>>> print(open('entry.csv').read())   # CSV, C-alpha atoms and all ligand atoms
chain,number,residue,atom,x,y,z
V,1,MET,CA,-44.9,46.0,14.7
V,2,GLY,CA,-42.6,47.2,11.9
V,3,ASP,CA,-40.0,48.2,14.5
V,4,ARG,CA,-40.3,44.9,16.3
V,5,ASP,CA,-39.7,43.1,13.0
V,6,GLN,CA,-36.6,45.3,12.3
V,7,GLU,CA,-35.2,44.6,15.7
V,8,ARG,CA,-35.8,40.8,15.3
V,9,TYR,CA,-34.1,40.9,11.8
V,10,GLU,CA,-31.1,42.9,13.0
V,11,GLY,CA,-30.7,40.7,16.1
V,12,LEU,CA,-30.6,37.7,13.9
V,13,LEU,CA,-28.0,39.2,11.6
V,14,ALA,CA,-25.9,40.0,14.6
V,15,GLU,CA,-26.3,36.4,15.8
V,16,MET,CA,-25.3,35.1,12.3
V,17,ALA,CA,-22.2,37.3,12.3
V,18,ARG,CA,-21.1,35.9,15.7
V,19,ARG,CA,-21.2,32.3,14.5
V,20,ASP,CA,-18.0,30.5,13.7
V,21,PRO,CA,-17.7,30.5,10.8
V,22,PRO,CA,-20.1,33.4,10.4
V,23,VAL,CA,-23.2,32.9,8.2
V,24,ARG,CA,-22.9,35.3,5.2
V,25,ILE,CA,-25.7,36.8,3.0
V,26,ARG,CA,-24.7,37.2,-0.7
V,27,SER,CA,-26.7,38.4,-3.7
V,28,LYS,CA,-27.3,35.7,-6.3
V,29,ASP,CA,-26.8,38.3,-9.1
V,30,THR,CA,-23.1,38.7,-8.2
V,31,SER,CA,-22.2,35.1,-8.8
V,32,ARG,CA,-21.6,33.2,-12.0
V,33,GLY,CA,-22.1,29.9,-10.1
V,34,GLN,CA,-25.6,31.0,-9.1
V,35,TRP,CA,-26.4,31.9,-12.7
V,36,LEU,CA,-25.2,28.4,-13.8
V,37,ILE,CA,-27.4,26.8,-11.1
V,38,ASP,CA,-30.4,28.8,-12.4
V,39,ARG,CA,-29.8,27.5,-16.0
V,40,ALA,CA,-29.4,23.9,-14.8
V,41,LEU,CA,-32.6,24.1,-12.8
V,42,ARG,CA,-34.6,25.5,-15.7
V,43,LEU,CA,-33.4,22.6,-17.9
V,44,LEU,CA,-33.9,19.9,-15.2
V,45,THR,CA,-37.5,21.1,-14.4
V,46,LEU,CA,-38.3,21.9,-18.0
V,47,GLY,CA,-38.9,25.5,-17.1
V,48,GLY,CA,-40.9,24.6,-14.0
V,49,GLN,CA,-38.4,26.4,-11.7
V,50,ASP,CA,-37.6,29.6,-13.5
V,51,ARG,CA,-37.6,31.9,-10.4
V,52,TYR,CA,-34.4,30.7,-8.7
V,53,LEU,CA,-32.5,33.9,-9.2
V,54,SER,CA,-35.5,36.3,-8.9
V,55,ASP,CA,-37.5,35.0,-6.0
V,56,TYR,CA,-35.7,32.2,-4.1
V,57,VAL,CA,-33.3,32.3,-1.2
V,58,THR,CA,-30.8,29.4,-1.2
V,59,THR,CA,-28.4,28.2,1.5
V,60,LEU,CA,-25.2,26.5,0.5
V,61,GLY,CA,-22.9,25.8,3.4
V,62,THR,CA,-22.7,28.9,5.5
V,63,THR,CA,-23.7,31.3,2.7
V,64,ILE,CA,-27.3,32.3,2.3
V,65,TRP,CA,-27.8,33.4,-1.4
V,66,VAL,CA,-30.6,36.0,-1.8
V,67,PRO,CA,-32.2,37.5,-4.9
V,68,ALA,CA,-31.3,41.1,-6.0
V,69,THR,CA,-34.6,42.4,-4.6
V,70,TRP,CA,-33.8,41.2,-1.0
V,71,ALA,CA,-33.2,44.7,0.5
V,72,GLY,CA,-36.7,45.7,-0.6
V,73,TRP,CA,-38.4,42.8,1.3
V,74,SER,CA,-40.1,43.6,4.6
V,75,PHE,CA,-38.1,43.0,7.7
V,76,GLY,CA,-40.7,40.4,8.8
V,77,SER,CA,-40.3,38.4,5.5
V,78,ARG,CA,-36.5,38.6,5.6
V,79,TYR,CA,-36.5,37.4,9.3
V,80,LYS,CA,-38.8,34.5,8.6
V,81,VAL,CA,-36.9,33.4,5.5
V,82,LEU,CA,-33.5,33.6,7.4
V,83,ARG,CA,-34.9,31.5,10.2
V,84,HIS,CA,-35.9,28.8,7.7
V,85,GLU,CA,-32.5,29.0,5.9
V,86,LEU,CA,-30.6,28.7,9.2
V,87,VAL,CA,-32.0,25.2,9.6
V,88,HIS,CA,-30.3,24.4,6.3
V,89,VAL,CA,-27.0,25.9,7.6
V,90,ARG,CA,-27.2,23.6,10.6
V,91,GLN,CA,-28.0,20.7,8.2
V,92,PHE,CA,-24.8,21.4,6.2
V,93,GLU,CA,-22.9,21.4,9.5
V,94,ARG,CA,-24.5,18.1,10.6
V,95,PHE,CA,-24.2,16.2,7.3
V,96,THR,CA,-21.3,18.0,5.6
V,97,TRP,CA,-21.3,19.2,2.0
V,98,PRO,CA,-21.0,15.7,0.4
V,99,GLY,CA,-23.7,14.4,2.7
V,100,MET,CA,-26.0,17.3,1.7
V,101,VAL,CA,-25.4,16.8,-2.0
V,102,LEU,CA,-26.3,13.1,-1.7
V,103,ILE,CA,-29.3,13.5,0.7
V,104,TYR,CA,-30.7,16.7,-0.7
V,105,GLY,CA,-29.8,16.1,-4.3
V,106,PHE,CA,-30.1,12.5,-5.1
V,107,PHE,CA,-31.8,10.3,-2.4
V,108,PRO,CA,-33.4,8.2,-3.7
V,109,LEU,CA,-34.1,10.2,-6.8
V,110,PRO,CA,-33.2,13.7,-7.9
V,111,ALA,CA,-36.8,14.5,-8.8
V,112,GLY,CA,-40.3,13.0,-8.3
V,113,LEU,CA,-39.4,11.0,-5.2
V,114,ALA,CA,-36.7,13.0,-3.4
V,115,TRP,CA,-37.3,11.7,0.2
V,116,GLY,CA,-34.0,13.1,1.6
V,117,ARG,CA,-34.8,16.5,0.3
V,118,ALA,CA,-38.4,16.3,1.6
V,119,LEU,CA,-37.2,15.4,5.1
V,120,LEU,CA,-34.6,18.2,5.1
V,121,GLU,CA,-37.1,20.7,3.8
V,122,TRP,CA,-39.8,19.6,6.2
V,123,GLU,CA,-37.4,20.3,9.1
V,124,ALA,CA,-37.0,23.8,7.8
V,125,TYR,CA,-40.8,24.3,7.0
V,126,ALA,CA,-41.7,23.3,10.5
V,127,VAL,CA,-39.5,26.2,11.6
V,128,THR,CA,-41.3,28.4,9.1
V,129,LEU,CA,-44.6,27.6,10.8
V,130,GLU,CA,-43.1,28.3,14.2
V,131,VAL,CA,-41.8,31.6,13.1
V,132,GLU,CA,-45.1,32.6,11.6
V,133,ALA,CA,-46.7,32.0,15.0
V,134,GLU,CA,-43.9,33.9,16.8
V,135,VAL,CA,-44.0,36.9,14.5
V,136,ASP,CA,-47.7,37.2,13.5
V,137,GLY,CA,-49.5,34.9,16.0
V,138,ILE,CA,-50.9,31.4,15.9
V,139,GLU,CA,-53.6,32.4,13.4
V,140,ALA,CA,-50.9,33.1,10.8
V,141,ALA,CA,-49.5,29.6,11.3
V,142,ARG,CA,-53.0,28.2,10.8
V,143,SER,CA,-53.6,30.1,7.5
V,144,PRO,CA,-54.9,27.7,4.9
V,145,ALA,CA,-53.2,29.8,2.2
V,146,LEU,CA,-49.8,29.2,3.9
V,147,HIS,CA,-50.5,25.5,4.2
V,148,ASP,CA,-51.5,25.3,0.5
V,149,GLU,CA,-48.3,27.2,-0.4
V,150,ILE,CA,-46.1,24.7,1.6
V,151,VAL,CA,-47.9,21.8,0.0
V,152,ARG,CA,-47.4,23.3,-3.5
V,153,ARG,CA,-43.7,23.6,-2.8
V,154,PHE,CA,-43.3,19.9,-1.8
V,155,THR,CA,-45.5,18.6,-4.6
V,156,GLY,CA,-44.7,21.1,-7.4
V,157,PRO,CA,-41.8,22.1,-9.6
V,158,ASP,CA,-40.2,24.6,-7.2
V,159,TYR,CA,-38.1,21.9,-5.6
V,160,GLY,CA,-38.2,19.4,-8.5
V,161,TRP,CA,-41.5,17.7,-7.5
V,162,MET,CA,-39.7,16.4,-4.4
V,163,TRP,CA,-42.6,14.6,-2.7
V,164,PRO,CA,-45.9,13.8,-4.5
V,165,PHE,CA,-47.8,12.8,-1.4
V,166,GLU,CA,-49.9,15.8,-0.4
V,167,GLY,CA,-51.4,13.9,2.6
V,168,TRP,CA,-47.9,13.4,4.1
V,169,VAL,CA,-47.2,17.1,3.9
V,170,ARG,CA,-50.7,18.1,5.3
V,171,ARG,CA,-50.4,15.7,8.2
V,172,ARG,CA,-47.1,17.1,9.2
V,173,ILE,CA,-48.4,20.7,9.0
V,174,ALA,CA,-51.4,19.8,11.1
V,175,LEU,CA,-49.2,18.1,13.8
V,176,THR,CA,-46.8,20.9,13.9
V,177,VAL,CA,-49.5,23.6,14.2
V,178,THR,CA,-51.2,21.6,17.0
V,179,SER,CA,-48.0,21.3,18.9
V,180,ILE,CA,-47.2,25.0,18.5
V,181,SER,CA,-50.7,26.0,19.7
V,182,ARG,CA,-50.3,23.9,22.8
V,183,ARG,CA,-47.2,25.7,23.9
V,184,PRO,CA,-47.5,28.4,26.5
V,185,PRO,CA,-47.2,31.9,24.8
V,186,MET,CA,-43.7,33.4,24.7
V,187,PRO,CA,-43.2,36.2,27.3
V,201,ZN,ZN,-35.6,25.2,2.6
>>> encode(input="entry.csv", output="structure tokens")
Amino acid sequence: MGDRDQERYEGLLAEMARRDPPVRIRSKDTSRGQWLIDRALRLLTLGGQDRYLSDYVTTLGTTIWVPATWAGWSFGSRYKVLRHELVHVRQFERFTWPGMVLIYGFFPLPAGLAWGRALLEWEAYAVTLEVEAEVDGIEAARSPALHDEIVRRFTGPDYGWMWPFEGWVRRRIALTVTSISRRPPMP
């Protein structure tokens, strides 16, 4: 299973490198810009988001910024996170940088009621559920702990309390898991 995860991960890296422009992975600790974003997020969330540099992976355009610990993550975790982040890469291509700043950052509010951000993140978290099922089986995608974690991310400080409606998140999770479990298994 470990080898399978490594193969998946390396296959995805190769796919990212073949894209035009290629999707790059860079470490957040090498960038002053990332350090400034970290400071800004700490201020804006009153310390609620203080793990931007240490734990979070962030896509900006075609660059996926990772924490310094990235190389120590399991191949499976790195693969799953990259699949989520590649949804954001495609969103940047679809909406362009100014579009993403507006939709992700400010629509209709930067915090508390960030509907644009919630829709963009939901598109990526639906893929997170799909990838869980693909890598670890449908039971992993059904895990209540995973569902609670996704709910916490939408309703808590991690993304600036982007969407306070827990029921909205749970309904989407349930619909997505149902549609994944109805699909024929992959060969
Ligand atoms: Zn995301």
>>> residues_around(input="entry.csv", residues="Glu139 (chain V)", least_positions_apart="4", cutoff="12 Å", atoms="all atoms listed in the file", output="list of chain:residue names")
V:Leu129, V:Glu130, V:Val131, V:Glu132, V:Ala133, V:Glu134, V:Val135, V:Ser143, V:Pro144, V:Ala145, V:Leu146, V:His147, V:Val177, V:Thr178, V:Ile180, V:Ser181
>>> write_last_selection(input="entry.csv", atoms="C-alpha atoms", output="mmCIF file, keeping the file's coordinate frame")
data_model
loop_
_atom_site.group_PDB
_atom_site.id
_atom_site.type_symbol
_atom_site.label_atom_id
_atom_site.label_comp_id
_atom_site.auth_asym_id
_atom_site.auth_seq_id
_atom_site.Cartn_x
_atom_site.Cartn_y
_atom_site.Cartn_z
ATOM 1 C CA LEU V 129 -44.600 27.600 10.800
ATOM 2 C CA GLU V 130 -43.100 28.300 14.200
ATOM 3 C CA VAL V 131 -41.800 31.600 13.100
ATOM 4 C CA GLU V 132 -45.100 32.600 11.600
ATOM 5 C CA ALA V 133 -46.700 32.000 15.000
ATOM 6 C CA GLU V 134 -43.900 33.900 16.800
ATOM 7 C CA VAL V 135 -44.000 36.900 14.500
ATOM 8 C CA SER V 143 -53.600 30.100 7.500
ATOM 9 C CA PRO V 144 -54.900 27.700 4.900
ATOM 10 C CA ALA V 145 -53.200 29.800 2.200
ATOM 11 C CA LEU V 146 -49.800 29.200 3.900
ATOM 12 C CA HIS V 147 -50.500 25.500 4.200
ATOM 13 C CA VAL V 177 -49.500 23.600 14.200
ATOM 14 C CA THR V 178 -51.200 21.600 17.000
ATOM 15 C CA ILE V 180 -47.200 25.000 18.500
ATOM 16 C CA SER V 181 -50.700 26.000 19.700
#
>>> residues_near_ligand(input="entry.csv", ligand="ligand ZN 201 (chain V)", cutoff="7 Å", atoms="all atoms listed in the file", output="PDB file with C-alpha atoms, in the coordinates of the input")
ATOM      1  CA  HIS V  84     -35.900  28.800   7.700  1.00  0.00           C
ATOM      2  CA  GLU V  85     -32.500  29.000   5.900  1.00  0.00           C
ATOM      3  CA  HIS V  88     -30.300  24.400   6.300  1.00  0.00           C
ATOM      4  CA  GLU V 121     -37.100  20.700   3.800  1.00  0.00           C
ATOM      5  CA  ALA V 124     -37.000  23.800   7.800  1.00  0.00           C
ATOM      6  CA  TYR V 125     -40.800  24.300   7.000  1.00  0.00           C
TER       7      TYR V 125
END
>>> residues_around(input="entry.csv", residues="region 43-60 of chain V", least_positions_apart="2", cutoff="8 Å", atoms="all atoms listed in the file", output="NGL selection string")
:V and (28-29 or 34-35 or 38-41 or 62-69 or 81 or 85 or 88-89 or 92 or 157-160)
>>> atom_distance(input="entry.csv", atom1="CA of Gly116 (chain V)", atom2="CA of Tyr104 (chain V)")
5.4 Å
>>> atom_distance(input="entry.csv", atom1="CA of Pro108 (chain V)", atom2="CA of Pro164 (chain V)")
13.7 Å
>>> closest_residue(input="entry.csv", among="V:Arg83, V:Ser74, V:Thr30, V:Pro21", to="Gly61 (chain V)", atoms="all atoms listed in the file")
V:Pro21
>>> closest_residue(input="entry.csv", among="V:Leu86, V:Ala17, V:Ser77, V:Ala71", to="Asp136 (chain V)", atoms="all atoms listed in the file")
V:Ser77
>>> atom_distance(input="entry.csv", atom1="CA of Ile25 (chain V)", atom2="CA of Arg153 (chain V)")
23.1 Å
>>> closest_residue(input="entry.csv", among="V:Arg24, V:Arg117, V:Arg182, V:Arg142", to="Trp161 (chain V)", atoms="all atoms listed in the file")
V:Arg117
>>> residues_near_point(input="entry.csv", point="(-37.9, 16.0, 5.1)", cutoff="12 Å", atoms="only C-alpha atoms", output="list in words")
Val87, His88, Gln91, Ile103, Tyr104, Phe107, Leu113, Ala114, Trp115, Gly116, Arg117, Ala118, Leu119, Leu120, Glu121, Trp122, Glu123, Ala124, Tyr125, Ala126, Phe154, Met162, Trp163, Trp168, Val169 and Arg172 of chain V
